[in-house]
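So this one's model_4.cif, mmCIF, C-alpha atoms and all ligand atoms:
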```cif
data_data
#
loop_
_atom_site.label_atom_id
_atom_site.label_comp_id
_atom_site.auth_asym_id
_atom_site.auth_seq_id
_atom_site.Cartn_x
_atom_site.Cartn_y
_atom_site.Cartn_z
CA MET A 12 0.00 0.00 0.00
CA ALA A 13 1.52 3.32 -0.96
CA LYS A 14 0.44 6.81 -0.15
CA THR A 15 -0.63 8.69 -3.25
CA GLY A 16 0.98 11.85 -4.47
CA SER A 17 -0.75 15.17 -5.02
CA GLY A 18 -4.40 14.90 -5.89
CA GLU A 19 -6.07 15.59 -9.20
CA LYS A 20 -7.58 19.00 -9.67
CA GLY A 21 -10.48 19.51 -7.30
CA GLN A 22 -9.72 16.30 -5.44
CA PRO A 23 -8.42 16.02 -1.89
CA ASP A 24 -4.65 15.67 -1.75
CA TYR A 25 -4.62 12.73 0.61
CA GLY A 26 -5.15 9.05 -0.04
CA TRP A 27 -3.79 5.53 -0.31
CA ARG A 28 -3.24 3.17 -3.17
CA PHE A 29 -4.99 -0.07 -2.34
CA GLN A 30 -5.11 -3.07 -4.67
CA GLY A 31 -4.41 -0.85 -7.64
CA LYS A 32 -7.16 1.65 -6.81
CA ILE A 33 -6.67 5.04 -5.28
CA VAL A 34 -8.67 5.37 -2.10
CA ARG A 35 -9.24 9.02 -1.44
CA LEU A 36 -9.72 10.47 1.98
CA CYS A 37 -11.74 13.66 2.39
CA GLU A 38 -10.33 16.67 4.14
CA ASP A 39 -11.83 15.39 7.36
CA ARG A 40 -9.95 12.16 6.46
CA SER A 41 -13.06 10.01 6.21
CA VAL A 42 -13.12 7.69 3.21
CA GLN A 43 -14.64 8.71 -0.10
CA MET A 44 -15.13 5.72 -2.37
CA ASP A 45 -17.53 4.94 -5.18
CA GLU A 46 -17.37 1.17 -5.09
CA SER A 47 -16.28 -0.73 -2.05
CA SER A 48 -17.41 -3.60 0.08
CA HIS A 49 -18.91 -2.71 3.40
CA LEU A 50 -16.02 -4.27 5.30
CA MET A 51 -13.36 -2.52 3.28
CA GLU A 52 -15.03 0.80 3.68
CA ARG A 53 -15.40 0.31 7.41
CA ALA A 54 -11.78 -0.78 7.80
CA LEU A 55 -10.51 2.17 5.81
CA ARG A 56 -12.78 4.63 7.58
CA GLN A 57 -11.52 3.38 10.90
CA MET A 58 -7.95 3.48 9.69
CA SER A 59 -8.23 6.99 8.36
CA MET A 60 -9.16 8.22 11.82
CA GLU A 61 -6.35 6.25 13.40
CA TYR A 62 -3.85 7.41 10.82
CA PHE A 63 -4.89 10.94 11.58
CA ALA A 64 -4.02 10.22 15.21
CA LEU A 65 -0.61 8.90 14.13
CA ASP A 66 0.27 12.42 13.02
CA ARG A 67 0.68 13.28 16.70
CA CYS A 68 3.54 10.80 17.12
CA LEU A 69 6.76 12.69 17.83
CA GLN A 70 9.00 9.69 17.11
CA CYS A 71 10.43 9.91 20.62
CA GLY A 72 10.93 6.13 20.74
CA ILE A 73 9.63 5.66 24.30
CA CYS A 74 7.28 2.96 23.00
CA THR A 75 10.10 1.01 21.37
CA GLU A 76 12.15 1.19 24.56
CA GLY A 77 9.26 -0.42 26.43
CA CYS A 78 8.27 -2.95 23.76
CA PRO A 79 9.17 -6.50 24.84
CA HIS A 80 10.50 -7.26 21.36
CA THR A 81 13.50 -5.03 21.90
CA LYS A 82 14.66 -7.47 24.62
CA LEU A 83 14.91 -10.28 22.09
CA GLU A 84 18.45 -10.55 20.82
CA THR A 85 17.52 -12.25 17.58
CA ASN A 86 14.38 -10.32 16.74
CA ALA A 87 15.07 -6.72 17.61
CA ARG A 88 13.83 -5.54 14.24
CA PHE A 89 10.28 -4.79 15.43
CA SER A 90 9.85 -1.27 16.66
CA PRO A 91 6.48 0.45 17.12
CA ARG A 92 8.16 3.83 16.57
CA SER A 93 9.52 2.93 13.14
CA PHE A 94 6.33 1.04 12.28
CA ILE A 95 4.39 4.26 12.84
CA GLN A 96 6.84 6.29 10.81
CA LYS A 97 6.61 3.88 7.89
CA ALA A 98 2.82 3.92 8.15
CA ARG A 99 2.77 7.70 7.99
CA LEU A 100 5.00 7.72 4.95
CA GLY A 101 3.00 4.98 3.25
CA LEU A 102 6.05 2.70 3.29
CA LEU A 103 4.65 -0.20 5.27
CA ASP A 104 5.33 -3.60 3.81
CA LEU A 105 2.26 -5.67 4.55
CA SER A 106 3.72 -8.71 2.85
CA GLY A 107 6.10 -9.44 5.75
CA GLU A 108 5.95 -10.75 9.32
CA ASP A 109 6.08 -7.35 11.05
CA LEU A 110 2.35 -6.90 11.26
CA TRP A 111 2.10 -10.16 13.20
CA LEU A 112 4.89 -9.64 15.72
CA CYS A 113 3.01 -7.23 17.97
CA THR A 114 1.34 -9.16 20.80
CA GLN A 115 -0.88 -6.21 21.64
CA CYS A 116 0.40 -6.36 25.19
CA GLY A 117 -0.42 -2.67 25.60
CA GLN A 118 2.91 -1.54 27.03
CA CYS A 119 3.47 1.07 24.31
CA LYS A 120 -0.01 2.48 24.82
CA LEU A 121 0.61 2.77 28.55
CA ILE A 122 3.84 4.70 28.25
CA CYS A 123 3.31 6.80 25.13
CA PRO A 124 3.13 10.45 26.24
CA TYR A 125 0.86 11.31 23.29
CA GLU A 126 -1.69 8.49 23.60
CA ILE A 127 -1.09 7.18 20.10
CA PRO A 128 -3.65 4.40 19.44
CA PHE A 129 -1.08 1.93 18.13
CA LEU A 130 -3.11 -1.18 18.99
CA ASP A 131 -6.13 0.07 17.06
CA VAL A 132 -3.96 0.78 14.04
CA MET A 133 -2.55 -2.75 14.17
CA ILE A 134 -6.03 -4.28 14.30
CA SER A 135 -7.22 -2.13 11.39
CA LEU A 136 -4.18 -3.03 9.30
CA ARG A 137 -4.62 -6.72 10.08
CA SER A 138 -8.23 -6.33 9.09
CA LEU A 139 -7.19 -5.04 5.68
CA VAL A 140 -4.83 -7.97 5.27
CA VAL A 141 -7.16 -10.69 6.59
CA GLU A 142 -10.49 -9.51 5.24
CA GLN A 143 -9.36 -7.84 2.03
CA GLY A 144 -6.29 -9.92 1.16
CA ALA A 145 -3.98 -6.91 1.12
CA GLY A 146 -0.91 -8.72 2.47
CA TYR A 147 0.60 -11.68 4.30
CA VAL A 148 -1.21 -13.75 6.93
CA PRO A 149 0.80 -16.52 8.67
CA ALA A 150 -0.53 -19.99 7.81
CA SER A 151 -1.16 -20.85 11.48
CA ILE A 152 -3.31 -17.72 11.92
CA LYS A 153 -5.22 -18.51 8.73
CA GLY A 154 -5.91 -22.01 10.04
CA VAL A 155 -7.17 -20.75 13.39
CA LEU A 156 -9.40 -18.12 11.79
CA SER A 157 -10.87 -20.71 9.46
CA SER A 158 -11.60 -23.05 12.42
CA LEU A 159 -13.12 -20.24 14.46
CA SER A 160 -15.33 -19.31 11.57
CA SER A 161 -16.51 -22.82 10.75
CA ALA A 162 -16.47 -24.58 14.14
CA GLY A 163 -16.47 -21.88 16.84
CA ASN A 164 -13.14 -22.99 18.31
CA PRO A 165 -9.49 -22.82 17.15
CA TRP A 166 -9.07 -26.55 16.37
CA LYS A 167 -12.31 -27.49 14.57
CA GLU A 168 -13.16 -29.60 17.60
CA ASP A 169 -16.61 -31.06 17.90
CA GLN A 170 -18.80 -28.50 19.63
CA SER A 171 -20.60 -31.24 21.56
CA ARG A 172 -17.30 -32.00 23.36
CA ARG A 173 -16.96 -28.50 24.76
CA GLY A 174 -18.48 -29.37 28.12
CA GLU A 175 -16.88 -32.83 28.44
CA TRP A 176 -14.39 -31.69 31.06
CA HIS A 177 -17.38 -31.00 33.30
CA ALA A 178 -19.42 -34.08 32.42
CA ASP A 179 -16.96 -36.53 33.98
CA ARG A 180 -16.79 -34.62 37.25
CA ASP A 181 -18.54 -35.54 40.47
CA ARG A 182 -21.88 -33.76 40.01
CA SER A 183 -23.28 -34.65 43.43
CA GLY A 184 -24.55 -31.50 45.03
CA ASN A 185 -24.67 -29.90 41.59
CA THR A 186 -25.98 -26.38 41.91
CA SER A 187 -26.53 -25.47 38.28
CA GLY A 188 -29.91 -24.16 37.19
CA ARG A 189 -30.51 -22.29 40.44
CA GLN A 190 -31.86 -18.75 40.23
CA ASP A 191 -28.78 -17.32 41.90
CA ALA A 192 -26.31 -19.36 39.79
CA VAL A 193 -23.41 -17.49 38.26
CA MET A 194 -22.21 -18.34 34.76
CA LEU A 195 -18.70 -19.67 34.27
CA PHE A 196 -17.51 -18.71 30.78
CA VAL A 197 -14.86 -21.38 30.31
CA GLY A 198 -13.13 -20.38 27.06
CA CYS A 199 -11.54 -22.59 24.38
CA LEU A 200 -8.30 -23.75 26.00
CA PRO A 201 -9.84 -24.82 29.35
CA SER A 202 -12.68 -26.49 27.45
CA TYR A 203 -10.63 -28.64 25.07
CA ASP A 204 -6.96 -28.63 25.98
CA LYS A 205 -6.04 -31.46 28.36
CA ARG A 206 -3.60 -29.33 30.33
CA ALA A 207 -5.82 -26.27 30.56
CA GLN A 208 -8.83 -28.40 31.54
CA LYS A 209 -7.14 -28.73 34.93
CA ILE A 210 -7.76 -25.00 35.41
CA ALA A 211 -11.46 -25.44 34.67
CA ARG A 212 -11.72 -28.42 37.03
CA ALA A 213 -9.92 -26.58 39.82
CA ALA A 214 -12.22 -23.58 39.34
CA ALA A 215 -15.33 -25.78 39.48
CA GLU A 216 -14.12 -27.55 42.63
CA LEU A 217 -13.40 -24.24 44.33
CA LEU A 218 -16.89 -22.98 43.50
CA GLN A 219 -18.47 -26.14 44.86
CA ARG A 220 -16.43 -25.90 48.05
CA ALA A 221 -17.51 -22.27 48.50
CA GLY A 222 -21.16 -23.21 47.87
CA VAL A 223 -21.45 -20.95 44.82
CA ALA A 224 -24.12 -22.14 42.40
CA PHE A 225 -22.83 -22.05 38.85
CA ASP A 226 -23.66 -23.03 35.29
CA ILE A 227 -21.62 -23.45 32.15
CA LEU A 228 -22.97 -23.05 28.62
CA GLY A 229 -21.29 -26.28 27.48
CA GLU A 230 -21.89 -26.85 23.79
CA ALA A 231 -23.80 -23.56 23.59
CA GLU A 232 -20.55 -21.67 24.28
CA VAL A 233 -18.29 -20.72 21.36
CA CYS A 234 -14.96 -18.93 21.33
CA CYS A 235 -15.24 -15.40 22.75
CA GLY A 236 -13.73 -14.18 19.46
CA GLU A 237 -10.84 -12.25 20.96
CA SER A 238 -8.27 -13.97 18.76
CA ALA A 239 -10.36 -13.25 15.66
CA LEU A 240 -10.78 -9.61 16.63
CA ARG A 241 -7.09 -9.03 17.35
CA ALA A 242 -6.12 -10.84 14.16
CA GLY A 243 -8.35 -8.46 12.21
CA ASP A 244 -11.20 -10.85 11.38
CA GLN A 245 -14.03 -8.58 12.42
CA GLY A 246 -16.68 -10.62 10.59
CA THR A 247 -15.90 -13.84 12.48
CA PHE A 248 -15.69 -11.94 15.75
CA GLU A 249 -19.15 -10.44 15.23
CA ARG A 250 -20.66 -13.86 14.49
CA LEU A 251 -19.11 -15.47 17.59
CA LYS A 252 -20.14 -12.54 19.73
CA ALA A 253 -23.74 -12.81 18.52
CA ILE A 254 -23.92 -16.54 19.38
CA ASN A 255 -22.48 -16.09 22.87
CA THR A 256 -24.57 -13.01 23.61
CA ARG A 257 -27.75 -14.84 22.62
CA ASN A 258 -26.93 -17.99 24.58
CA LEU A 259 -25.73 -16.14 27.67
CA ALA A 260 -28.96 -14.15 27.67
CA LYS A 261 -30.94 -17.42 27.43
CA GLY A 262 -28.90 -18.79 30.35
CA GLY A 263 -30.30 -15.95 32.43
CA ALA A 264 -27.26 -15.43 34.68
CA LYS A 265 -26.65 -11.89 35.83
CA ARG A 266 -23.00 -12.44 36.73
CA ILE A 267 -20.57 -14.00 34.26
CA TYR A 268 -17.07 -15.04 35.31
CA THR A 269 -14.41 -15.78 32.72
CA LEU A 270 -11.44 -18.09 33.28
CA SER A 271 -9.35 -16.20 30.74
CA PRO A 272 -8.39 -12.51 30.79
CA HIS A 273 -8.78 -12.61 26.99
CA CYS A 274 -12.46 -13.59 27.24
CA TYR A 275 -12.92 -10.99 29.97
CA ASP A 276 -11.34 -8.17 27.98
CA VAL A 277 -13.36 -8.76 24.85
CA MET A 278 -16.65 -9.42 26.63
CA LYS A 279 -16.22 -6.37 28.83
CA ASN A 280 -15.19 -4.01 26.04
CA ARG A 281 -16.84 -5.36 22.90
CA TYR A 282 -19.95 -7.35 23.88
CA ASP A 283 -22.08 -4.25 23.99
CA GLY A 284 -25.36 -6.23 24.14
CA LEU A 285 -24.40 -8.11 27.30
CA GLU A 286 -24.26 -5.38 29.87
CA THR A 287 -27.22 -3.53 28.38
CA GLY A 288 -29.10 -6.82 28.91
CA GLY A 289 -28.31 -6.55 32.61
CA CYS A 290 -25.32 -8.95 32.78
CA GLN A 291 -22.04 -8.06 34.42
CA VAL A 292 -18.77 -9.69 33.35
CA TYR A 293 -15.87 -10.26 35.76
CA PRO A 294 -12.64 -12.22 35.72
CA PHE A 295 -12.78 -15.41 37.80
CA VAL A 296 -9.89 -14.24 39.97
CA ILE A 297 -12.09 -11.41 41.26
CA LEU A 298 -14.65 -13.94 42.46
CA LEU A 299 -11.92 -15.95 44.20
CA HIS A 300 -10.71 -12.78 45.88
CA GLU A 301 -14.24 -11.96 47.02
CA LEU A 302 -14.86 -15.47 48.37
CA ILE A 303 -11.60 -15.48 50.30
CA SER A 304 -12.23 -11.99 51.69
CA LYS A 305 -15.58 -13.00 53.13
CA GLY A 306 -14.26 -16.28 54.51
CA ALA A 307 -16.25 -18.50 52.15
CA LEU A 308 -13.17 -20.36 50.93
CA PRO A 309 -11.05 -21.34 53.89
CA VAL A 310 -7.50 -22.32 52.97
CA ARG A 311 -6.31 -24.96 55.40
CA ASN A 312 -3.21 -26.46 53.85
CA GLY A 313 0.16 -24.87 53.52
CA VAL A 314 1.90 -24.76 50.14
CA HIS A 315 5.47 -24.24 51.22
CA LYS A 316 6.89 -22.86 48.00
CA ARG A 317 8.48 -19.74 46.65
CA VAL A 318 6.07 -18.38 44.04
CA ALA A 319 6.63 -15.72 41.36
CA TYR A 320 3.43 -14.32 39.89
CA HIS A 321 3.36 -13.50 36.17
CA ASP A 322 0.79 -10.76 35.47
CA PRO A 323 -1.18 -11.44 32.28
CA CYS A 324 -0.93 -8.24 30.20
CA LEU A 325 -4.69 -8.02 29.79
CA PHE A 326 -5.06 -7.90 33.57
CA SER A 327 -2.21 -5.63 34.56
CA LYS A 328 -1.83 -3.28 31.59
CA HIS A 329 -5.38 -3.21 30.23
CA HIS A 330 -7.56 -3.54 33.35
CA SER A 331 -5.28 -2.69 36.30
CA ILE A 332 -5.98 -6.04 37.99
CA ILE A 333 -2.75 -6.34 39.94
CA THR A 334 -3.38 -6.63 43.68
CA GLU A 335 -6.23 -9.18 43.75
CA PRO A 336 -4.30 -12.15 42.29
CA ARG A 337 -1.42 -11.43 44.68
CA GLU A 338 -3.78 -11.28 47.65
CA VAL A 339 -5.27 -14.63 46.66
CA LEU A 340 -1.78 -16.13 46.60
CA ARG A 341 -0.71 -14.48 49.87
CA ASN A 342 -3.73 -16.03 51.51
CA ILE A 343 -2.30 -19.52 50.99
CA PRO A 344 -0.20 -20.35 54.06
CA GLY A 345 3.43 -21.13 53.39
CA ILE A 346 3.67 -19.32 50.06
CA GLU A 347 6.55 -16.90 49.77
CA LEU A 348 5.52 -14.49 47.05
CA VAL A 349 8.40 -12.95 45.11
CA GLU A 350 8.41 -10.37 42.32
CA MET A 351 10.24 -10.66 39.04
CA GLU A 352 12.19 -7.86 37.38
CA HIS A 353 9.06 -6.79 35.51
CA SER A 354 5.83 -6.96 37.45
CA GLY A 355 2.46 -5.32 37.89
CA GLU A 356 1.77 -2.72 35.23
CA LYS A 357 5.32 -3.15 33.95
CA SER A 358 4.93 -6.89 33.56
CA PHE A 359 6.66 -8.62 30.66
CA CYS A 360 4.48 -10.15 27.94
CA CYS A 361 4.60 -13.96 27.50
CA GLY A 362 4.10 -13.55 23.74
CA GLY A 363 0.64 -15.13 23.68
CA GLY A 364 -1.53 -12.08 23.06
CA GLY A 365 -2.63 -10.60 19.74
CA GLY A 366 -2.75 -14.06 18.15
CA GLY A 367 0.80 -14.87 19.32
CA VAL A 368 -0.39 -18.04 21.01
CA TRP A 369 -1.29 -19.43 17.57
CA ARG A 370 1.93 -18.46 15.80
CA ASP A 371 4.88 -20.81 15.48
CA THR A 372 7.84 -19.05 17.06
CA ALA A 373 11.26 -20.67 17.09
CA ARG A 374 13.18 -21.23 20.32
CA GLY A 375 15.45 -18.30 21.00
CA GLU A 376 12.81 -15.89 19.63
CA ARG A 377 10.15 -16.39 22.28
CA LEU A 378 9.23 -13.70 24.78
CA ALA A 379 8.23 -16.48 27.20
CA GLU A 380 11.89 -17.54 27.42
CA ILE A 381 12.84 -14.10 28.75
CA ARG A 382 10.06 -14.37 31.30
CA LEU A 383 11.24 -17.82 32.41
CA GLU A 384 14.73 -16.41 32.93
CA GLU A 385 13.29 -13.66 35.11
CA ALA A 386 11.48 -16.29 37.18
CA LEU A 387 14.66 -18.35 37.55
CA LYS A 388 16.51 -15.31 38.88
CA THR A 389 14.04 -15.04 41.78
CA GLY A 390 14.74 -18.64 42.82
CA ALA A 391 11.02 -19.42 42.50
CA ASP A 392 9.77 -23.02 42.64
CA ILE A 393 6.50 -22.06 40.98
CA LEU A 394 5.70 -19.55 38.27
CA ALA A 395 2.03 -18.79 38.80
CA THR A 396 -0.28 -17.00 36.43
CA ALA A 397 -4.00 -16.44 35.87
CA CYS A 398 -4.39 -16.92 32.13
CA PRO A 399 -4.59 -20.11 30.05
CA TYR A 400 -2.60 -18.47 27.20
CA CYS A 401 0.21 -17.38 29.54
CA LEU A 402 0.28 -20.84 31.10
CA THR A 403 0.56 -22.46 27.68
CA MET A 404 3.26 -20.08 26.42
CA LEU A 405 5.38 -20.41 29.57
CA GLU A 406 4.97 -24.15 29.95
CA GLU A 407 5.65 -24.86 26.27
CA SER A 408 8.85 -22.83 26.38
CA ALA A 409 10.02 -24.55 29.56
CA ARG A 410 9.25 -28.04 28.26
CA GLY A 411 12.30 -30.20 27.64
CA GLU A 412 14.74 -27.53 28.83
CA GLU A 413 17.04 -28.77 31.57
CA ARG A 414 17.46 -25.33 33.14
CA TYR A 415 13.72 -24.98 33.86
CA GLN A 416 13.13 -28.47 35.22
CA ASP A 417 12.76 -27.25 38.82
CA LEU A 418 10.37 -24.45 37.86
CA LYS A 419 6.72 -25.49 37.75
CA VAL A 420 4.19 -23.37 35.87
CA MET A 421 0.74 -23.31 37.49
CA ASP A 422 -2.50 -21.43 37.26
CA LEU A 423 -3.60 -19.58 40.36
CA CYS A 424 -6.76 -21.76 40.56
CA GLU A 425 -4.62 -24.88 40.73
CA LEU A 426 -2.48 -23.45 43.51
CA LEU A 427 -5.48 -22.32 45.51
CA ARG A 428 -7.06 -25.72 45.02
CA GLU A 429 -3.98 -27.28 46.62
CA GLY A 430 -4.37 -24.97 49.59
CA VAL A 431 -8.07 -25.72 49.98
CA PHE A 432 -8.16 -29.48 49.33
CA SER A 433 -4.89 -31.34 49.62
S1 LIG A 501 3.99 6.30 19.58
FE1 LIG A 501 4.21 7.64 21.38
S2 LIG A 501 5.98 6.78 22.49
FE2 LIG A 501 6.05 5.94 20.40
S3 LIG A 501 7.40 7.30 19.26
FE3 LIG A 501 5.29 8.04 18.96
S4 LIG A 501 4.96 9.58 20.53
FE4 LIG A 501 6.79 8.41 21.14
S1 LIG A 502 1.54 -3.64 22.06
FE1 LIG A 502 3.33 -4.56 23.09
S2 LIG A 502 4.27 -5.86 21.51
FE2 LIG A 502 2.89 -4.44 20.43
S3 LIG A 502 4.20 -2.73 19.85
FE3 LIG A 502 3.23 -2.21 21.81
S4 LIG A 502 4.72 -2.82 23.37
FE4 LIG A 502 5.30 -3.85 21.43
#
```
Is it possible to give me this structure as structure tokens?
Amino acid sequence: MAKTGSGEKGQPDYGWRFQGKIVRLCEDRSVQMDESSHLMERALRQMSMEYFALDRCLQCGICTEGCPHTKLETNARFSPRSFIQKARLGLLDLSGEDLWLCTQCGQCKLICPYEIPFLDVMISLRSLVVEQGAGYVPASIKGVLSSLSSAGNPWKEDQSRRGEWHADRDRSGNTSGRQDAVMLFVGCLPSYDKRAQKIARAAAELLQRAGVAFDILGEAEVCCGESALRAGDQGTFERLKAINTRNLAKGGAKRIYTLSPHCYDVMKNRYDGLETGGCQVYPFVILLHELISKGALPVRNGVHKRVAYHDPCLFSKHHSIITEPREVLRNIPGIELVEMEHSGEKSFCCGGGGGGVWRDTARGERLAEIRLEEALKTGADILATACPYCLTMLEESARGEERYQDLKVMDLCELLREGVFS
């Protein structure tokens, strides 16, 4: 895509060349096109506003300093500052990997003194590439988007198996269907992935122990759509959102708790119909914190370990959820909570956001490896987190590596379960 030169007589002198056609932007920088698909027009309209905002960027480079990619020795080529500069000059190469390196962790947005909406620009550009074929999409992302679109989950798994993790559990004293039941929005990884299912089981056991009535949607739940949205597939996101919104409304629960910060973020910020229908969405860790605070979840057993807590970016940088997970951990007797070099709002991304969890990244180029090194430096026995993507990224990178063999990666629900039950 190249920025056009001076306009024809009487035409605005601002525009982009897209698939051989000149797309003109009006003086107010909204799109003026004769023939265009609805999606293309929407993407370009959105982009024109965001590109206008890019004009404010002073090229100070603060964002690049904070971007986790600059810590990678082998992949230091990605820089939000230079990405913005190329975008402004119309020199972006959408046929390369760059567009897919950003994990949308939000660090640059947090520290930019001029509030440049870099994440929105990335999503709009990905949208042009994914929905309009204007550039390169990694094969693994294409595969996931196709599965999300056709099957409602990233692996084309059978939808009827979505609630299986729950079906084989002890259902005695089952509280589902009660008027006061809360809804547990499980998410794709804890529904289908054998490892992540342990998070869902631990969460369910904790709820039962605390006497909290809960339901799951089971096969009526589909992916929250966050991966589709951040990969630029707005159409698939809207379809998934519509299915979940309809089925959650049918379920009748007024409080929805998500096991993943990714589901929470997208349902909180983009499921506009949910909250207007009277539902409130919360992360599951907030419920745990509440239950512990009011004494409904007594923790009897000590877990005598040194624990480093990895903040999921969507909690710490996007929603300021920093103290509650730590208080849940501190409540478990015996745990010595330690902080890594980057923590809280300045946490270091695991590489799983923005579709990163679906990309194939070679060893030596993974952000998760830097995070594991930070955990090792604290002498932690356990690296705890509160996100199925983070858990997967960290555990996958530690797998088979001698130096990490004494470092166990666990979800906070699993750790709390140990304190409550074992
Ligand atoms: S996006 Fe913000 S932090 Fe980055 S170079 Fe521009 S003004 Fe500086
Ligand atoms: S969102 Fe994170 S990964 Fe993306 S450019 Fe900003 S700091 Fe870098």
Nearby polymer residues, ligand LIG 502 (chain A), at most 10 Å, only C-alpha atoms and all ligand atoms, as a VMD selection string: chain A and resid 73 to 81 89 to 92 94 to 95 110 to 123 128 to 131 133 324 359 to 360 362 364 to 365 367 378
A:Gly289 environment, 9 Å, only C-alpha atoms, sequence neighbours closer than 5 positions dropped, as a VMD selection string: chain A and resid 265 to 266 284
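Separating atom CA of A:Leu218 from atom CA of A:Leu426 is a distance of 14.4 Å.
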Atomic separation - atom CA of A:Tyr415 relative to atom CA of A:Pro399, Å: 19.3 Å
Within 9 Å of A:Ala242 using all atoms listed in the file, minus same-chain residues under 3 positions, as a ChimeraX atom specification: /A:111,133-134,137-138,141,152,156,237-239,245,365-366
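Of the listed residues (A:Ser304, A:Thr256, A:Ser271, A:Ser160), A:Ser271 comes nearest to A:Ala214; the distances count all atoms listed in the file.
Of the listed residues (A:Leu308, A:Leu383, A:Leu302, A:Val132), A:Val132 comes nearest to ligand LIG 501 (chain A); the distances count all atoms listed in the file.
Taking only C-alpha atoms into account, the residues near (-19.2, -12.8, 21.4), no farther than 9 Å, are Val233, Cys234, Cys235, Gly236, Glu237, Phe248, Glu249, Arg250, Leu251, Lys252, Ala253, Ile254, Asn255, Thr256, Arg257, Cys274, Val277, Met278, Arg281 and Tyr282 of chain A.
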Supply stretch 211-228 of chain A as an mmCIF file, in the coordinates of the input, with N, CA and C atoms built in where the input has gaps.
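Output saved as out-v2.cif:
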```cif
data_model
loop_
_atom_site.group_PDB
_atom_site.id
_atom_site.type_symbol
_atom_site.label_atom_id
_atom_site.label_comp_id
_atom_site.auth_asym_id
_atom_site.auth_seq_id
_atom_site.Cartn_x
_atom_site.Cartn_y
_atom_site.Cartn_z
ATOM 1 N N ALA A 211 -9.992 -25.453 34.590
ATOM 2 C CA ALA A 211 -11.460 -25.440 34.670
ATOM 3 C C ALA A 211 -11.931 -26.337 35.819
ATOM 4 N N ARG A 212 -11.307 -27.503 35.956
ATOM 5 C CA ARG A 212 -11.720 -28.420 37.030
ATOM 6 C C ARG A 212 -11.438 -27.815 38.405
ATOM 7 N N ALA A 213 -10.258 -27.201 38.533
ATOM 8 C CA ALA A 213 -9.920 -26.580 39.820
ATOM 9 C C ALA A 213 -10.920 -25.477 40.141
ATOM 10 N N ALA A 214 -11.269 -24.678 39.128
ATOM 11 C CA ALA A 214 -12.220 -23.580 39.340
ATOM 12 C C ALA A 214 -13.571 -24.127 39.800
ATOM 13 N N ALA A 215 -14.022 -25.191 39.133
ATOM 14 C CA ALA A 215 -15.330 -25.780 39.480
ATOM 15 C C ALA A 215 -15.303 -26.332 40.905
ATOM 16 N N GLU A 216 -14.208 -26.993 41.270
ATOM 17 C CA GLU A 216 -14.120 -27.550 42.630
ATOM 18 C C GLU A 216 -14.116 -26.441 43.681
ATOM 19 N N LEU A 217 -13.435 -25.352 43.375
ATOM 20 C CA LEU A 217 -13.400 -24.240 44.330
ATOM 21 C C LEU A 217 -14.798 -23.638 44.509
ATOM 22 N N LEU A 218 -15.532 -23.529 43.404
ATOM 23 C CA LEU A 218 -16.890 -22.980 43.500
ATOM 24 C C LEU A 218 -17.780 -23.896 44.333
ATOM 25 N N GLN A 219 -17.648 -25.196 44.088
ATOM 26 C CA GLN A 219 -18.470 -26.140 44.860
ATOM 27 C C GLN A 219 -18.132 -26.059 46.340
ATOM 28 N N ARG A 220 -16.836 -25.983 46.640
ATOM 29 C CA ARG A 220 -16.430 -25.900 48.050
ATOM 30 C C ARG A 220 -16.982 -24.634 48.707
ATOM 31 N N ALA A 221 -17.027 -23.545 47.938
ATOM 32 C CA ALA A 221 -17.510 -22.270 48.500
ATOM 33 C C ALA A 221 -19.037 -22.188 48.493
ATOM 34 N N GLY A 222 -19.689 -23.207 47.916
ATOM 35 C CA GLY A 222 -21.160 -23.210 47.870
ATOM 36 C C GLY A 222 -21.725 -22.202 46.881
ATOM 37 N N VAL A 223 -20.953 -21.899 45.840
ATOM 38 C CA VAL A 223 -21.450 -20.950 44.820
ATOM 39 C C VAL A 223 -22.125 -21.742 43.704
ATOM 40 N N ALA A 224 -23.396 -21.466 43.479
ATOM 41 C CA ALA A 224 -24.120 -22.140 42.400
ATOM 42 C C ALA A 224 -23.613 -21.610 41.060
ATOM 43 N N PHE A 225 -23.325 -22.523 40.145
ATOM 44 C CA PHE A 225 -22.830 -22.050 38.850
ATOM 45 C C PHE A 225 -23.313 -22.933 37.710
ATOM 46 N N ASP A 226 -23.335 -22.327 36.529
ATOM 47 C CA ASP A 226 -23.660 -23.030 35.290
ATOM 48 C C ASP A 226 -22.524 -22.833 34.307
ATOM 49 N N ILE A 227 -22.455 -23.730 33.322
ATOM 50 C CA ILE A 227 -21.620 -23.450 32.150
ATOM 51 C C ILE A 227 -22.528 -23.572 30.925
ATOM 52 N N LEU A 228 -22.137 -22.942 29.824
ATOM 53 C CA LEU A 228 -22.970 -23.050 28.620
ATOM 54 C C LEU A 228 -22.740 -24.380 27.913
#
```
